[in-house]
Structures are given as structure tokens and as C-alpha cells.
file structure-v9.csv (CSV, C-alpha atoms)
chain,number,residue,atom,x,y,z
A,1,MET,CA,219.9,-67.2,3.3
A,2,THR,CA,219.8,-65.2,6.6
A,3,GLN,CA,219.8,-66.1,10.2
A,4,HIS,CA,216.4,-64.9,11.4
A,5,GLY,CA,215.7,-65.3,15.1
A,6,ARG,CA,219.3,-65.6,16.2
A,7,ALA,CA,221.4,-63.1,18.2
A,8,PRO,CA,223.5,-60.9,16.0
A,9,ALA,CA,226.7,-62.4,14.8
A,10,ASP,CA,230.1,-60.7,15.0
A,11,LEU,CA,231.5,-58.6,12.1
A,12,GLU,CA,235.1,-59.1,11.3
A,13,PHE,CA,236.6,-55.9,9.7
A,14,TRP,CA,239.8,-56.6,7.8
A,15,PHE,CA,241.5,-53.3,7.0
A,16,GLU,CA,244.8,-51.5,6.3
A,17,PHE,CA,245.6,-47.9,6.9
A,18,GLY,CA,247.1,-47.5,3.4
A,19,SER,CA,243.8,-48.6,1.7
A,20,ASN,CA,241.5,-45.8,0.6
A,21,TYR,CA,238.3,-47.8,0.7
A,22,SER,CA,239.3,-49.1,4.2
A,23,TYR,CA,239.2,-45.4,5.2
A,24,LEU,CA,235.6,-45.0,4.2
A,25,ALA,CA,234.6,-48.2,6.0
A,26,ALA,CA,236.7,-47.4,9.1
A,27,MET,CA,234.9,-44.1,9.6
A,28,ARG,CA,231.5,-45.8,9.3
A,29,VAL,CA,231.7,-49.3,10.7
A,30,GLU,CA,231.5,-48.7,14.5
A,31,ALA,CA,228.4,-46.5,14.4
A,32,LEU,CA,226.5,-48.8,11.9
A,33,ALA,CA,227.4,-51.9,13.8
A,34,ARG,CA,226.4,-50.4,17.1
A,35,ALA,CA,223.0,-49.4,15.7
A,36,ALA,CA,222.4,-53.0,14.6
A,37,GLY,CA,223.7,-54.5,17.9
A,38,VAL,CA,226.6,-56.1,16.1
A,39,ARG,CA,230.1,-56.4,17.7
A,40,VAL,CA,233.0,-55.4,15.5
A,41,LEU,CA,236.1,-57.6,15.5
A,42,TRP,CA,239.0,-55.5,14.3
A,43,ARG,CA,241.4,-57.3,12.0
A,44,PRO,CA,244.4,-55.2,10.8
A,45,PHE,CA,246.5,-56.9,8.1
A,46,LEU,CA,249.1,-55.8,5.6
A,47,LEU,CA,247.7,-55.5,2.1
A,48,GLY,CA,251.2,-55.4,0.4
A,49,PRO,CA,252.1,-59.0,1.1
A,50,VAL,CA,248.6,-60.1,0.1
A,51,PHE,CA,249.0,-58.2,-3.2
A,52,ARG,CA,252.5,-59.7,-3.8
A,53,GLU,CA,251.1,-63.2,-3.2
A,54,LEU,CA,248.6,-62.5,-5.9
A,55,GLY,CA,251.4,-61.4,-8.3
A,56,TRP,CA,250.9,-57.6,-8.0
A,57,SER,CA,253.9,-55.5,-7.1
A,58,THR,CA,251.7,-52.7,-5.6
A,59,SER,CA,248.1,-51.5,-5.5
A,60,PRO,CA,246.0,-52.3,-8.5
A,61,PHE,CA,245.1,-48.6,-8.5
A,62,VAL,CA,248.7,-47.9,-9.3
A,63,LEU,CA,249.2,-50.8,-11.7
A,64,GLN,CA,246.1,-50.0,-13.6
A,65,ALA,CA,246.2,-46.3,-14.6
A,66,ALA,CA,242.6,-46.0,-15.9
A,67,LYS,CA,241.2,-47.7,-12.7
A,68,GLY,CA,243.4,-45.5,-10.5
A,69,ARG,CA,242.2,-42.3,-12.2
A,70,TYR,CA,238.6,-43.3,-11.7
A,71,MET,CA,239.2,-44.3,-8.1
A,72,TRP,CA,240.3,-40.9,-7.1
A,73,ARG,CA,237.2,-39.3,-8.5
A,74,ASP,CA,235.0,-42.0,-6.9
A,75,MET,CA,236.6,-41.4,-3.5
A,76,GLU,CA,235.8,-37.7,-3.8
A,77,ARG,CA,232.2,-38.4,-4.6
A,78,GLU,CA,231.9,-41.2,-2.0
A,79,ALA,CA,233.3,-39.2,0.8
A,80,ALA,CA,230.9,-36.4,0.0
A,81,LYS,CA,228.0,-38.8,-0.1
A,82,TYR,CA,228.8,-40.1,3.4
A,83,GLY,CA,229.8,-36.7,4.7
A,84,ILE,CA,233.3,-37.8,5.5
A,85,ALA,CA,236.3,-35.5,5.3
A,86,TRP,CA,238.7,-36.3,2.5
A,87,ARG,CA,241.8,-35.0,0.7
A,88,ARG,CA,243.7,-36.9,-1.9
A,89,PRO,CA,247.0,-37.8,-0.3
A,90,SER,CA,250.3,-36.8,-2.0
A,91,VAL,CA,251.7,-40.3,-1.5
A,92,PHE,CA,249.8,-43.5,-2.3
A,93,PRO,CA,249.8,-46.1,-1.1
A,94,ARG,CA,251.4,-45.0,2.2
A,95,THR,CA,253.3,-47.6,4.2
A,96,ALA,CA,251.7,-48.0,7.6
A,97,LEU,CA,253.8,-50.7,9.4
A,98,LEU,CA,254.1,-49.0,12.8
A,99,PRO,CA,250.4,-48.0,13.2
A,100,MET,CA,249.4,-51.5,11.8
A,101,ARG,CA,251.5,-53.0,14.6
A,102,VAL,CA,249.8,-50.8,17.2
A,103,ALA,CA,246.4,-51.8,15.8
A,104,THR,CA,247.4,-55.4,16.0
A,105,LEU,CA,248.4,-55.0,19.6
A,106,GLY,CA,245.2,-53.1,20.5
A,107,ALA,CA,242.8,-55.0,18.3
A,108,GLU,CA,240.7,-56.1,21.3
A,109,ALA,CA,241.2,-53.0,23.3
A,110,PRO,CA,238.5,-50.4,23.8
A,111,TRP,CA,240.6,-47.7,22.1
A,112,ILE,CA,241.0,-49.6,18.7
A,113,GLY,CA,238.1,-47.8,17.0
A,114,GLU,CA,239.2,-44.3,17.9
A,115,PHE,CA,242.9,-45.0,17.2
A,116,THR,CA,242.0,-46.4,13.8
A,117,ARG,CA,240.0,-43.4,12.9
A,118,ARG,CA,242.7,-41.0,14.0
A,119,VAL,CA,245.4,-42.7,12.0
A,120,MET,CA,243.1,-42.8,9.0
A,121,HIS,CA,242.5,-39.1,9.4
A,122,GLN,CA,246.2,-38.4,9.4
A,123,ASN,CA,246.6,-40.2,6.1
A,124,TRP,CA,243.4,-39.3,4.2
A,125,VAL,CA,242.7,-35.8,5.5
A,126,GLU,CA,245.9,-34.4,6.9
A,127,ASP,CA,248.1,-36.0,4.2
A,128,ARG,CA,250.7,-37.0,6.8
A,129,GLU,CA,253.1,-39.8,6.9
A,130,ILE,CA,251.8,-42.4,9.3
A,131,ASP,CA,254.6,-45.0,9.4
A,132,ASP,CA,256.1,-42.6,11.9
A,133,ALA,CA,256.4,-42.7,15.7
A,134,PRO,CA,255.4,-39.1,16.5
A,135,ALA,CA,252.2,-39.5,14.4
A,136,VAL,CA,251.4,-42.8,16.1
A,137,ARG,CA,252.1,-41.2,19.6
A,138,GLU,CA,249.6,-38.4,18.7
A,139,ALA,CA,247.0,-40.9,17.7
A,140,LEU,CA,247.4,-42.8,21.0
A,141,ALA,CA,247.3,-39.6,23.1
A,142,GLY,CA,244.5,-39.7,25.6
A,143,LEU,CA,243.5,-43.2,24.6
A,144,VAL,CA,246.1,-45.1,26.6
A,145,PRO,CA,247.8,-44.2,29.9
A,146,ASP,CA,251.3,-44.8,28.5
A,147,PRO,CA,251.8,-44.4,24.7
A,148,GLU,CA,255.5,-45.2,25.0
A,149,ALA,CA,254.7,-48.6,26.6
A,150,VAL,CA,252.2,-49.3,23.8
A,151,LEU,CA,254.8,-48.4,21.1
A,152,ALA,CA,257.4,-50.7,22.8
A,153,ALA,CA,254.9,-53.6,23.0
A,154,ALA,CA,253.9,-53.1,19.4
A,155,LEU,CA,257.5,-53.5,18.4
A,156,ALA,CA,258.1,-56.6,20.4
A,157,PRO,CA,258.8,-59.8,18.4
A,158,ASP,CA,255.6,-61.6,19.4
A,159,ASN,CA,253.4,-58.7,18.2
A,160,LYS,CA,255.3,-58.4,14.9
A,161,LEU,CA,254.8,-62.1,14.4
A,162,ARG,CA,251.1,-61.7,15.1
A,163,LEU,CA,250.6,-59.1,12.4
A,164,ARG,CA,252.5,-61.4,10.0
A,165,ALA,CA,250.3,-64.3,10.9
A,166,ASN,CA,247.1,-62.3,10.5
A,167,THR,CA,248.3,-61.2,7.1
A,168,GLY,CA,248.9,-64.8,6.1
A,169,LEU,CA,245.5,-65.7,7.4
A,170,ALA,CA,243.9,-63.0,5.3
A,171,GLY,CA,245.4,-64.6,2.2
A,172,ALA,CA,244.4,-68.1,3.3
A,173,ARG,CA,240.8,-67.0,3.8
A,174,GLY,CA,240.6,-65.7,0.3
A,175,ILE,CA,241.1,-62.0,0.9
A,176,PHE,CA,242.3,-60.1,-2.2
A,177,GLY,CA,241.7,-56.5,-1.2
A,178,ALA,CA,240.5,-54.2,1.6
A,179,PRO,CA,238.3,-53.6,3.4
A,180,THR,CA,236.9,-57.1,3.6
A,181,PHE,CA,234.3,-58.2,6.1
A,182,PHE,CA,233.5,-61.7,7.4
A,183,VAL,CA,230.4,-62.8,9.2
A,184,GLY,CA,231.3,-66.4,10.1
A,185,ASP,CA,232.6,-67.7,6.7
A,186,GLU,CA,230.5,-65.3,4.7
A,187,MET,CA,232.9,-62.8,3.0
A,188,PHE,CA,232.0,-59.3,1.8
A,189,TRP,CA,234.5,-57.2,-0.1
A,190,GLY,CA,234.6,-53.4,-0.2
A,191,ASN,CA,233.1,-50.5,1.6
A,192,ASP,CA,230.1,-50.8,-0.7
A,193,ARG,CA,229.2,-54.1,1.1
A,194,LEU,CA,229.4,-52.8,4.7
A,195,GLU,CA,225.7,-52.4,5.0
A,196,ASP,CA,225.1,-55.9,3.5
A,197,ALA,CA,227.6,-57.5,5.9
A,198,ILE,CA,225.9,-55.9,8.9
A,199,ALA,CA,222.5,-57.0,7.7
A,200,TRP,CA,223.9,-60.5,7.3
A,201,ALA,CA,225.2,-60.4,10.9
A,202,ALA,CA,221.9,-59.0,12.3
A,203,PRO,CA,219.0,-59.9,10.0
A,204,GLY,CA,216.1,-57.5,10.4
A,205,GLN,CA,218.3,-54.7,11.8
A,206,GLY,CA,220.1,-53.7,8.5
A,207,ARG,CA,218.7,-52.6,5.2
A,208,ALA,CA,218.7,-56.0,3.4
B,1,MET,CA,228.5,-31.1,-6.9
B,2,THR,CA,225.1,-31.7,-8.4
B,3,GLN,CA,222.8,-30.0,-10.9
B,4,HIS,CA,219.9,-28.7,-8.9
B,5,GLY,CA,217.1,-27.0,-10.8
B,6,ARG,CA,218.0,-28.4,-14.2
B,7,ALA,CA,216.1,-30.9,-16.3
B,8,PRO,CA,217.4,-34.5,-15.8
B,9,ALA,CA,220.5,-35.3,-17.8
B,10,ASP,CA,220.7,-38.5,-19.9
B,11,LEU,CA,222.3,-41.6,-18.5
B,12,GLU,CA,224.7,-43.5,-20.7
B,13,PHE,CA,224.7,-47.2,-19.9
B,14,TRP,CA,227.8,-49.0,-21.3
B,15,PHE,CA,227.3,-52.8,-21.1
B,16,GLU,CA,228.3,-56.2,-22.5
B,17,PHE,CA,226.2,-59.3,-22.5
B,18,GLY,CA,229.1,-61.4,-21.2
B,19,SER,CA,229.6,-59.2,-18.1
B,20,ASN,CA,227.9,-60.5,-15.0
B,21,TYR,CA,227.6,-57.1,-13.2
B,22,SER,CA,226.2,-55.7,-16.5
B,23,TYR,CA,223.5,-58.3,-16.1
B,24,LEU,CA,222.4,-56.9,-12.7
B,25,ALA,CA,222.4,-53.4,-14.0
B,26,ALA,CA,220.6,-54.2,-17.3
B,27,MET,CA,217.7,-55.7,-15.3
B,28,ARG,CA,217.4,-52.6,-13.2
B,29,VAL,CA,218.4,-49.6,-15.2
B,30,GLU,CA,215.2,-48.9,-17.2
B,31,ALA,CA,212.8,-49.0,-14.2
B,32,LEU,CA,215.1,-46.9,-12.0
B,33,ALA,CA,215.7,-44.3,-14.8
B,34,ARG,CA,212.1,-44.0,-15.6
B,35,ALA,CA,211.2,-43.4,-12.0
B,36,ALA,CA,213.7,-40.5,-11.9
B,37,GLY,CA,212.6,-39.1,-15.3
B,38,VAL,CA,216.0,-39.9,-16.8
B,39,ARG,CA,216.5,-41.1,-20.4
B,40,VAL,CA,218.8,-44.2,-20.8
B,41,LEU,CA,221.3,-44.1,-23.7
B,42,TRP,CA,222.2,-47.7,-24.4
B,43,ARG,CA,225.9,-48.1,-25.2
B,44,PRO,CA,226.8,-51.7,-26.1
B,45,PHE,CA,230.6,-52.3,-26.4
B,46,LEU,CA,233.0,-55.3,-26.4
B,47,LEU,CA,234.7,-55.8,-23.1
B,48,GLY,CA,237.3,-58.2,-24.5
B,49,PRO,CA,239.2,-55.7,-26.6
B,50,VAL,CA,239.1,-53.2,-23.8
B,51,PHE,CA,240.6,-55.8,-21.4
B,52,ARG,CA,243.3,-56.7,-24.0
B,53,GLU,CA,244.2,-53.0,-24.4
B,54,LEU,CA,244.7,-52.9,-20.6
B,55,GLY,CA,247.0,-56.0,-20.9
B,56,TRP,CA,244.5,-58.6,-19.7
B,57,SER,CA,244.0,-61.7,-21.8
B,58,THR,CA,240.5,-62.3,-20.4
B,59,SER,CA,238.2,-61.3,-17.5
B,60,PRO,CA,239.9,-60.3,-14.3
B,61,PHE,CA,237.5,-62.8,-12.6
B,62,VAL,CA,239.3,-65.5,-14.6
B,63,LEU,CA,242.8,-64.1,-14.2
B,64,GLN,CA,242.5,-63.6,-10.5
B,65,ALA,CA,241.2,-66.8,-9.0
B,66,ALA,CA,240.5,-65.4,-5.5
B,67,LYS,CA,238.5,-62.5,-6.8
B,68,GLY,CA,236.6,-64.8,-9.2
B,69,ARG,CA,235.6,-67.2,-6.4
B,70,TYR,CA,234.3,-64.3,-4.4
B,71,MET,CA,232.5,-62.8,-7.4
B,72,TRP,CA,230.3,-65.9,-7.9
B,73,ARG,CA,229.2,-65.8,-4.3
B,74,ASP,CA,228.6,-62.0,-4.5
B,75,MET,CA,226.5,-62.4,-7.6
B,76,GLU,CA,224.3,-65.0,-5.9
B,77,ARG,CA,223.8,-62.7,-2.9
B,78,GLU,CA,223.3,-59.6,-5.0
B,79,ALA,CA,220.7,-61.2,-7.3
B,80,ALA,CA,218.8,-62.4,-4.3
B,81,LYS,CA,219.0,-58.9,-2.8
B,82,TYR,CA,217.5,-57.3,-5.9
B,83,GLY,CA,215.0,-60.2,-6.5
B,84,ILE,CA,216.6,-61.0,-9.9
B,85,ALA,CA,216.7,-64.5,-11.2
B,86,TRP,CA,220.2,-66.0,-11.5
B,87,ARG,CA,222.1,-69.1,-12.2
B,88,ARG,CA,225.8,-69.4,-12.5
B,89,PRO,CA,226.5,-70.1,-16.2
B,90,SER,CA,228.6,-73.1,-17.2
B,91,VAL,CA,230.7,-70.9,-19.5
B,92,PHE,CA,232.3,-67.6,-18.5
B,93,PRO,CA,232.8,-65.2,-20.0
B,94,ARG,CA,230.5,-66.0,-22.9
B,95,THR,CA,231.3,-64.4,-26.3
B,96,ALA,CA,228.3,-62.3,-27.4
B,97,LEU,CA,229.4,-60.8,-30.8
B,98,LEU,CA,226.1,-61.4,-32.6
B,99,PRO,CA,223.8,-60.1,-30.0
B,100,MET,CA,226.2,-57.2,-29.3
B,101,ARG,CA,225.9,-56.3,-33.0
B,102,VAL,CA,222.1,-56.4,-32.8
B,103,ALA,CA,222.2,-54.2,-29.7
B,104,THR,CA,224.5,-51.8,-31.6
B,105,LEU,CA,222.0,-51.7,-34.5
B,106,GLY,CA,219.0,-51.2,-32.2
B,107,ALA,CA,220.7,-48.9,-29.5
B,108,GLU,CA,218.2,-46.1,-30.2
B,109,ALA,CA,215.2,-48.4,-31.0
B,110,PRO,CA,212.3,-48.8,-28.6
B,111,TRP,CA,213.0,-52.5,-28.3
B,112,ILE,CA,216.6,-52.2,-27.0
B,113,GLY,CA,215.7,-52.5,-23.3
B,114,GLU,CA,213.6,-55.6,-23.7
B,115,PHE,CA,216.0,-57.2,-26.2
B,116,THR,CA,218.9,-56.6,-23.8
B,117,ARG,CA,217.0,-58.2,-20.9
B,118,ARG,CA,216.1,-61.2,-23.0
B,119,VAL,CA,219.7,-61.9,-24.1
B,120,MET,CA,220.9,-61.4,-20.5
B,121,HIS,CA,218.3,-63.9,-19.3
B,122,GLN,CA,219.5,-66.4,-21.9
B,123,ASN,CA,223.1,-66.2,-20.6
B,124,TRP,CA,222.6,-65.6,-16.8
B,125,VAL,CA,219.4,-67.6,-16.1
B,126,GLU,CA,219.0,-70.2,-18.9
B,127,ASP,CA,222.8,-70.8,-19.3
B,128,ARG,CA,222.5,-70.8,-23.1
B,129,GLU,CA,225.0,-69.8,-25.7
B,130,ILE,CA,224.1,-66.3,-26.9
B,131,ASP,CA,226.6,-65.8,-29.8
B,132,ASP,CA,224.1,-67.8,-31.8
B,133,ALA,CA,221.6,-66.9,-34.5
B,134,PRO,CA,218.6,-69.0,-33.1
B,135,ALA,CA,219.0,-67.5,-29.7
B,136,VAL,CA,219.1,-64.0,-31.1
B,137,ARG,CA,216.1,-64.6,-33.3
B,138,GLU,CA,214.2,-65.7,-30.2
B,139,ALA,CA,215.2,-62.6,-28.3
B,140,LEU,CA,214.0,-60.5,-31.2
B,141,ALA,CA,210.7,-62.3,-31.6
B,142,GLY,CA,207.7,-60.0,-31.2
B,143,LEU,CA,209.9,-57.0,-30.8
B,144,VAL,CA,210.6,-56.3,-34.5
B,145,PRO,CA,208.4,-57.1,-37.5
B,146,ASP,CA,211.3,-58.9,-39.3
B,147,PRO,CA,214.0,-60.5,-37.2
B,148,GLU,CA,215.8,-61.8,-40.3
B,149,ALA,CA,216.1,-58.3,-41.7
B,150,VAL,CA,217.5,-57.1,-38.3
B,151,LEU,CA,220.1,-59.9,-38.2
B,152,ALA,CA,221.2,-59.1,-41.8
B,153,ALA,CA,221.5,-55.4,-41.0
B,154,ALA,CA,223.5,-56.3,-37.8
B,155,LEU,CA,226.0,-58.2,-39.9
B,156,ALA,CA,226.4,-55.4,-42.5
B,157,PRO,CA,229.9,-53.9,-42.6
B,158,ASP,CA,228.8,-50.4,-41.4
B,159,ASN,CA,227.2,-51.9,-38.3
B,160,LYS,CA,230.2,-54.1,-37.5
B,161,LEU,CA,232.4,-51.0,-37.8
B,162,ARG,CA,230.1,-49.0,-35.5
B,163,LEU,CA,230.5,-51.6,-32.7
B,164,ARG,CA,234.2,-51.6,-33.2
B,165,ALA,CA,234.2,-47.8,-33.0
B,166,ASN,CA,232.1,-47.7,-29.9
B,167,THR,CA,234.5,-50.2,-28.3
B,168,GLY,CA,237.4,-47.9,-29.1
B,169,LEU,CA,235.5,-45.0,-27.7
B,170,ALA,CA,234.9,-46.9,-24.5
B,171,GLY,CA,238.6,-47.3,-24.0
B,172,ALA,CA,239.3,-43.7,-25.0
B,173,ARG,CA,236.8,-42.5,-22.3
B,174,GLY,CA,238.6,-44.3,-19.6
B,175,ILE,CA,236.3,-47.4,-19.3
B,176,PHE,CA,238.1,-50.4,-17.8
B,177,GLY,CA,235.1,-52.6,-16.9
B,178,ALA,CA,231.4,-53.0,-17.2
B,179,PRO,CA,228.8,-51.8,-16.5
B,180,THR,CA,230.0,-48.2,-16.7
B,181,PHE,CA,227.6,-45.2,-16.6
B,182,PHE,CA,228.2,-41.7,-17.8
B,183,VAL,CA,226.3,-38.6,-17.0
B,184,GLY,CA,228.0,-36.0,-19.2
B,185,ASP,CA,231.7,-36.6,-18.4
B,186,GLU,CA,231.0,-37.9,-15.0
B,187,MET,CA,231.8,-41.6,-14.9
B,188,PHE,CA,230.4,-44.3,-12.6
B,189,TRP,CA,231.7,-47.9,-12.6
B,190,GLY,CA,229.8,-50.9,-11.6
B,191,ASN,CA,226.2,-52.0,-10.8
B,192,ASP,CA,226.8,-50.7,-7.3
B,193,ARG,CA,226.9,-47.1,-8.6
B,194,LEU,CA,223.7,-47.2,-10.7
B,195,GLU,CA,221.7,-45.4,-8.1
B,196,ASP,CA,224.4,-42.7,-7.7
B,197,ALA,CA,224.6,-42.2,-11.4
B,198,ILE,CA,220.8,-41.7,-11.7
B,199,ALA,CA,220.9,-39.3,-8.7
B,200,TRP,CA,223.6,-37.4,-10.5
B,201,ALA,CA,221.5,-37.2,-13.7
B,202,ALA,CA,218.4,-36.1,-11.7
B,203,PRO,CA,219.3,-34.5,-8.4
B,204,GLY,CA,216.5,-34.7,-5.9
B,205,GLN,CA,214.9,-37.7,-7.6
B,206,GLY,CA,217.4,-40.4,-6.6
B,207,ARG,CA,218.7,-41.4,-3.1
B,208,ALA,CA,221.8,-39.2,-3.0

call {"tool": "encode", "arguments": {"input": "structure-v9.csv", "output": "C-alpha cells"}}
result
Amino acid sequence: MTQHGRAPADLEFWFEFGSNYSYLAAMRVEALARAAGVRVLWRPFLLGPVFRELGWSTSPFVLQAAKGRYMWRDMEREAAKYGIAWRRPSVFPRTALLPMRVATLGAEAPWIGEFTRRVMHQNWVEDREIDDAPAVREALAGLVPDPEAVLAAALAPDNKLRLRANTGLAGARGIFGAPTFFVGDEMFWGNDRLEDAIAWAAPGQGRA
Amino acid sequence: MTQHGRAPADLEFWFEFGSNYSYLAAMRVEALARAAGVRVLWRPFLLGPVFRELGWSTSPFVLQAAKGRYMWRDMEREAAKYGIAWRRPSVFPRTALLPMRVATLGAEAPWIGEFTRRVMHQNWVEDREIDDAPAVREALAGLVPDPEAVLAAALAPDNKLRLRANTGLAGARGIFGAPTFFVGDEMFWGNDRLEDAIAWAAPGQGRA
């Protein structure tokens, strides 16, 4: 079932800033992957269109009240378990189109990990709106020489189309929620499977 | 957040023979609880009526094709991870009314754990119908002096009503899937949370 004896495979991390379990994974993925010698490929995509394609008008945590109530308690416990800061946001799910476009633009840039964690922190700890140019500027500060140029490039038609195409690809690959990890064609859904996905990418380095 | 210094609390295990992730939990719960000094309270309930109450005509894994496809692959990997035998059944979800009634009758009997594992094995390894008197008789063999008497008592009106009442209680307590664990009022959903639930019941004994 595993790939003993090979070099570690890459880990695709499909995420959305508005997704609460993506938050837990985003704060953990880079350190865990580095420890296992695995490269993270950042794959921002829009969860809303994927949900609508599946027939859901919004997050299942909103549509299903019992599951939503449980999720907020689970998040509180899980964040404590991992030692990750957490406050229940006053708006859920938050739209994140602008920072998602910036993440799309920077997906292969060295600043993508830190930028992602900063935007997540704005949403899930500071309870701030993130589909917002000043918030995104702050998140870029110190990471890129010219945040305004990055914002402009993020809003260019080709980059908008790239995010739309990645979102379509997410659905085509069978993604139905976030976070989702891929190691080659092997799919892992949910923050709970992050360790398994890394172990799949680097057999013998992870826990499995 | 935890209960340091107290005696371990009890762990309620809410399960259904037709639920695949209940299978993984049922095969693991007794050994893990014993190691932590935690008593398991077995809580069989019918998932179908809970789903219907939530507006779903059947399992979400049937209603949502993408999630269902993923789940079968996840089950295969998870069973391998835990070293638990597993074969994808030809019928899903299987109705389990008769063995659920027997489990309700025996919920506090010493044979409940072994009976539960045997019925789960019939469904998830042998791919057999389980809502079936001969299968249930086999599962009871050697565990009770008189399997026929147990079957008769399971079919008595008061026991049927008890299962119905427990199913209503599941919904009232916020259960929306199986397995679900409770430690007092603290709810944990899914086989992935079994270790956390045990650690909640017996702080310092589990991994958390």
C-alpha cells in the first residue's frame, strides 16, 4: 500500500480561507511536511462553487444545524489539542475572494505559507473580514517587496481565470470539502487525515 | 478543559451495525477503554430514523456520490492502518433491525462487546445479511445459554419500544451520525475521535 524505498512524494494541500478545518491544517502542514522531507504544493480553491455543484447553497455546517453546533465545539477542542489559537468568528463562512486570488498568484512563491497563515489568523483568531484590500495588504507586508503590485496582479484577468480553473479542477478530482490532500491520485479529506497523507508521501517518516 | 484527579468517567458508545465507521470503532473501543480504565456504556440506536429526521432519505454516503466514493477508499486505508479485517459489502447501508434489538436487550450484559463485534464482522468482513435470525443466532452462540430466549425477548414489545426511545434520545442529544461518543455531556463524533473521547474520560491515561 505504501511506497517504501522511494523519495518522498509531493503533498497537494487544497484549502480555502473560509473553511474552519482548513485553518487547522494550514497552521500545521508546513512544519509536519518539512519534518518528513515532503514538499507542499499549495492549492487554493473556492469551496462555494464546489458546494453549489454538489447541490448545497452554503456550508453543510450552516445547512445542518446539529452538525454545525457540534463543529464549533469540536473546533474549540481541536485547536486546544494542537495548541493553535482560535476564536469563533462572528461571520461564517466568510467570503475570501481577494486573498484566495492572492494565494493563487503566489501558490509557488516562497511567501505562500506565511501569507496563508496570516490570512487564516485574521479570520479565525482576530475575527476580521478578509475579503478586504487593507487586510490582504497587511498579510503581504514584509513578505513581498511591493504589495500593491501583487494585489494588482491578483486582480488581473488571467489570475482570476486560474482560480476559477483550479476550482473546477477540484470538483473534477472528486473534492467535496476542505481541506483535501492529494499524494499523486491518493485523496485524503480533512485535517484529521493530514498525518496519514504525509505518511503516504514519505513512508517511514510519518506515524503510519 | 479536562478532569484531572478524578476517577475515569464512563464512555457512551452510540453505534449502528449498518454504519461503516461504527464498525471501526466497535472493533477498537473495548480494548482502548480497558487500557485507560474507562467503562464503556453501549448505546445501540437506529441511524435511519435520525437521518430521516434531519431530512436525509438514506446515508449521506449514498446521497452524496463524491463523498461516498471517497469513503470506500478511506475505509480500506483506515482498516489497514488499524489492522482490522475489511471487505466492502455488496449492500450498503444494510438494515440491522433484529441485531439492533438484541444489542438493545443486551446493552448491559457481559456479552454485548463480543456480540457487537461478531455482527459487525458478518456485515463488514463476511458480507452477509444481518437482519436475519440465523445470523443473529450464530452471533449469540456460546455467549448466552439460550439464544432462542434472547431472540424472543428482543422481539417483545417493551424491548422494541426501548430501541425506539433510544433512537429518539440520540436525536434529542444532537447526534447526527455514528459512531458518536459521550463523556457526560461532551460529544465526540466519528471513529477519528475515539482516542480523544477516552482521553476526556480518563485524563492522563489517553494520548491527549

call {"tool": "closest_residue", "arguments": {"input": "structure-v9.csv", "among": "A:Phe115, A:Trp14, A:Phe176, A:Phe92", "to": "Phe61 of chain B", "atoms": "all atoms listed in the file"}}
result
A:Phe176

call {"tool": "closest_atom_pairs", "arguments": {"input": "structure-v9.csv", "of": "chain B", "to": "chain A", "cutoff": "9 Å", "atoms": "all atoms listed in the file", "output": "tab-separated table"}}
result
residue	atom	partner	partner_atom	distance
B:Met1	CA	A:Arg77	CA	8.5
B:Leu54	CA	A:Gln64	CA	7.7
B:Gln64	CA	A:Leu54	CA	7.7
B:Ala66	CA	A:Gly174	CA	5.8
B:Lys67	CA	A:Phe176	CA	6.4
B:Arg69	CA	A:Gly174	CA	8.5
B:Tyr70	CA	A:Met187	CA	7.7
B:Arg73	CA	A:Met187	CA	8.7
B:Asp74	CA	A:Phe188	CA	7.7
B:Arg77	CA	A:Met1	CA	8.6
B:Lys81	CA	A:Ala208	CA	6.9
B:Gly174	CA	A:Ala66	CA	5.7
B:Ile175	CA	A:Ala66	CA	7.3
B:Phe176	CA	A:Lys67	CA	6.6
B:Gly177	CA	A:Lys67	CA	8.9
B:Met187	CA	A:Tyr70	CA	7.7
B:Phe188	CA	A:Asp74	CA	7.7
B:Trp189	CA	A:Tyr70	CA	8.3
B:Asp192	CA	A:Asp192	CA	7.4
B:Ala208	CA	A:Lys81	CA	6.9

call {"tool": "atom_distance", "arguments": {"input": "structure-v9.csv", "atom1": "atom CA of Met120 of chain B", "atom2": "atom CA of Ala96 of chain B"}}
result
10.2 Å

call {"tool": "residues_near_point", "arguments": {"input": "structure-v9.csv", "point": "(254.7, -52.6, 18.4)", "cutoff": "9 Å", "atoms": "only C-alpha atoms", "output": "ChimeraX atom specification"}}
result
/A:98-105,150-157,159-160

call {"tool": "residues_around", "arguments": {"input": "structure-v9.csv", "residues": "Ala36 of chain A", "least_positions_apart": "6", "cutoff": "12 Å", "atoms": "only C-alpha atoms", "output": "list in words"}}
result
Ala7, Pro8, Ala9, Asp10, Leu11, Val29, Glu30, Glu195, Asp196, Ala197, Ile198, Ala199, Trp200, Ala201, Ala202, Pro203, Gly204, Gln205, Gly206 and Arg207 of chain A

call {"tool": "closest_residue", "arguments": {"input": "structure-v9.csv", "among": "A:Arg43, A:His121, A:Arg52, A:Arg164", "to": "Phe182 of chain A", "atoms": "all atoms listed in the file"}}
result
A:Arg43

call {"tool": "closest_residue", "arguments": {"input": "structure-v9.csv", "among": "B:Glu16, B:Asp158, B:Asp185, B:Glu53", "to": "Asn123 of chain B", "atoms": "all atoms listed in the file"}}
result
B:Glu16

call {"tool": "atom_distance", "arguments": {"input": "structure-v9.csv", "atom1": "atom CA of Val62 of chain A", "atom2": "atom CA of Thr95 of chain A"}}
result
14.3 Å

call {"tool": "atom_distance", "arguments": {"input": "structure-v9.csv", "atom1": "atom CA of Ala149 of chain B", "atom2": "atom CA of Leu47 of chain B"}}
result
26.4 Å

call {"tool": "residues_near_point", "arguments": {"input": "structure-v9.csv", "point": "(218.9, -43.5, -23.3)", "cutoff": "7 Å", "atoms": "all atoms listed in the file", "output": "CSV table (one decimal) with C-alpha atoms, in the frame of the given file"}}
result
chain,number,residue,atom,x,y,z
B,10,ASP,CA,220.7,-38.5,-19.9
B,11,LEU,CA,222.3,-41.6,-18.5
B,12,GLU,CA,224.7,-43.5,-20.7
B,39,ARG,CA,216.5,-41.1,-20.4
B,40,VAL,CA,218.8,-44.2,-20.8
B,41,LEU,CA,221.3,-44.1,-23.7
B,42,TRP,CA,222.2,-47.7,-24.4

call {"tool": "closest_residue", "arguments": {"input": "structure-v9.csv", "among": "B:Pro93, B:Gly68, B:Pro60, B:Pro44", "to": "Asp127 of chain B", "atoms": "all atoms listed in the file"}}
result
B:Pro93
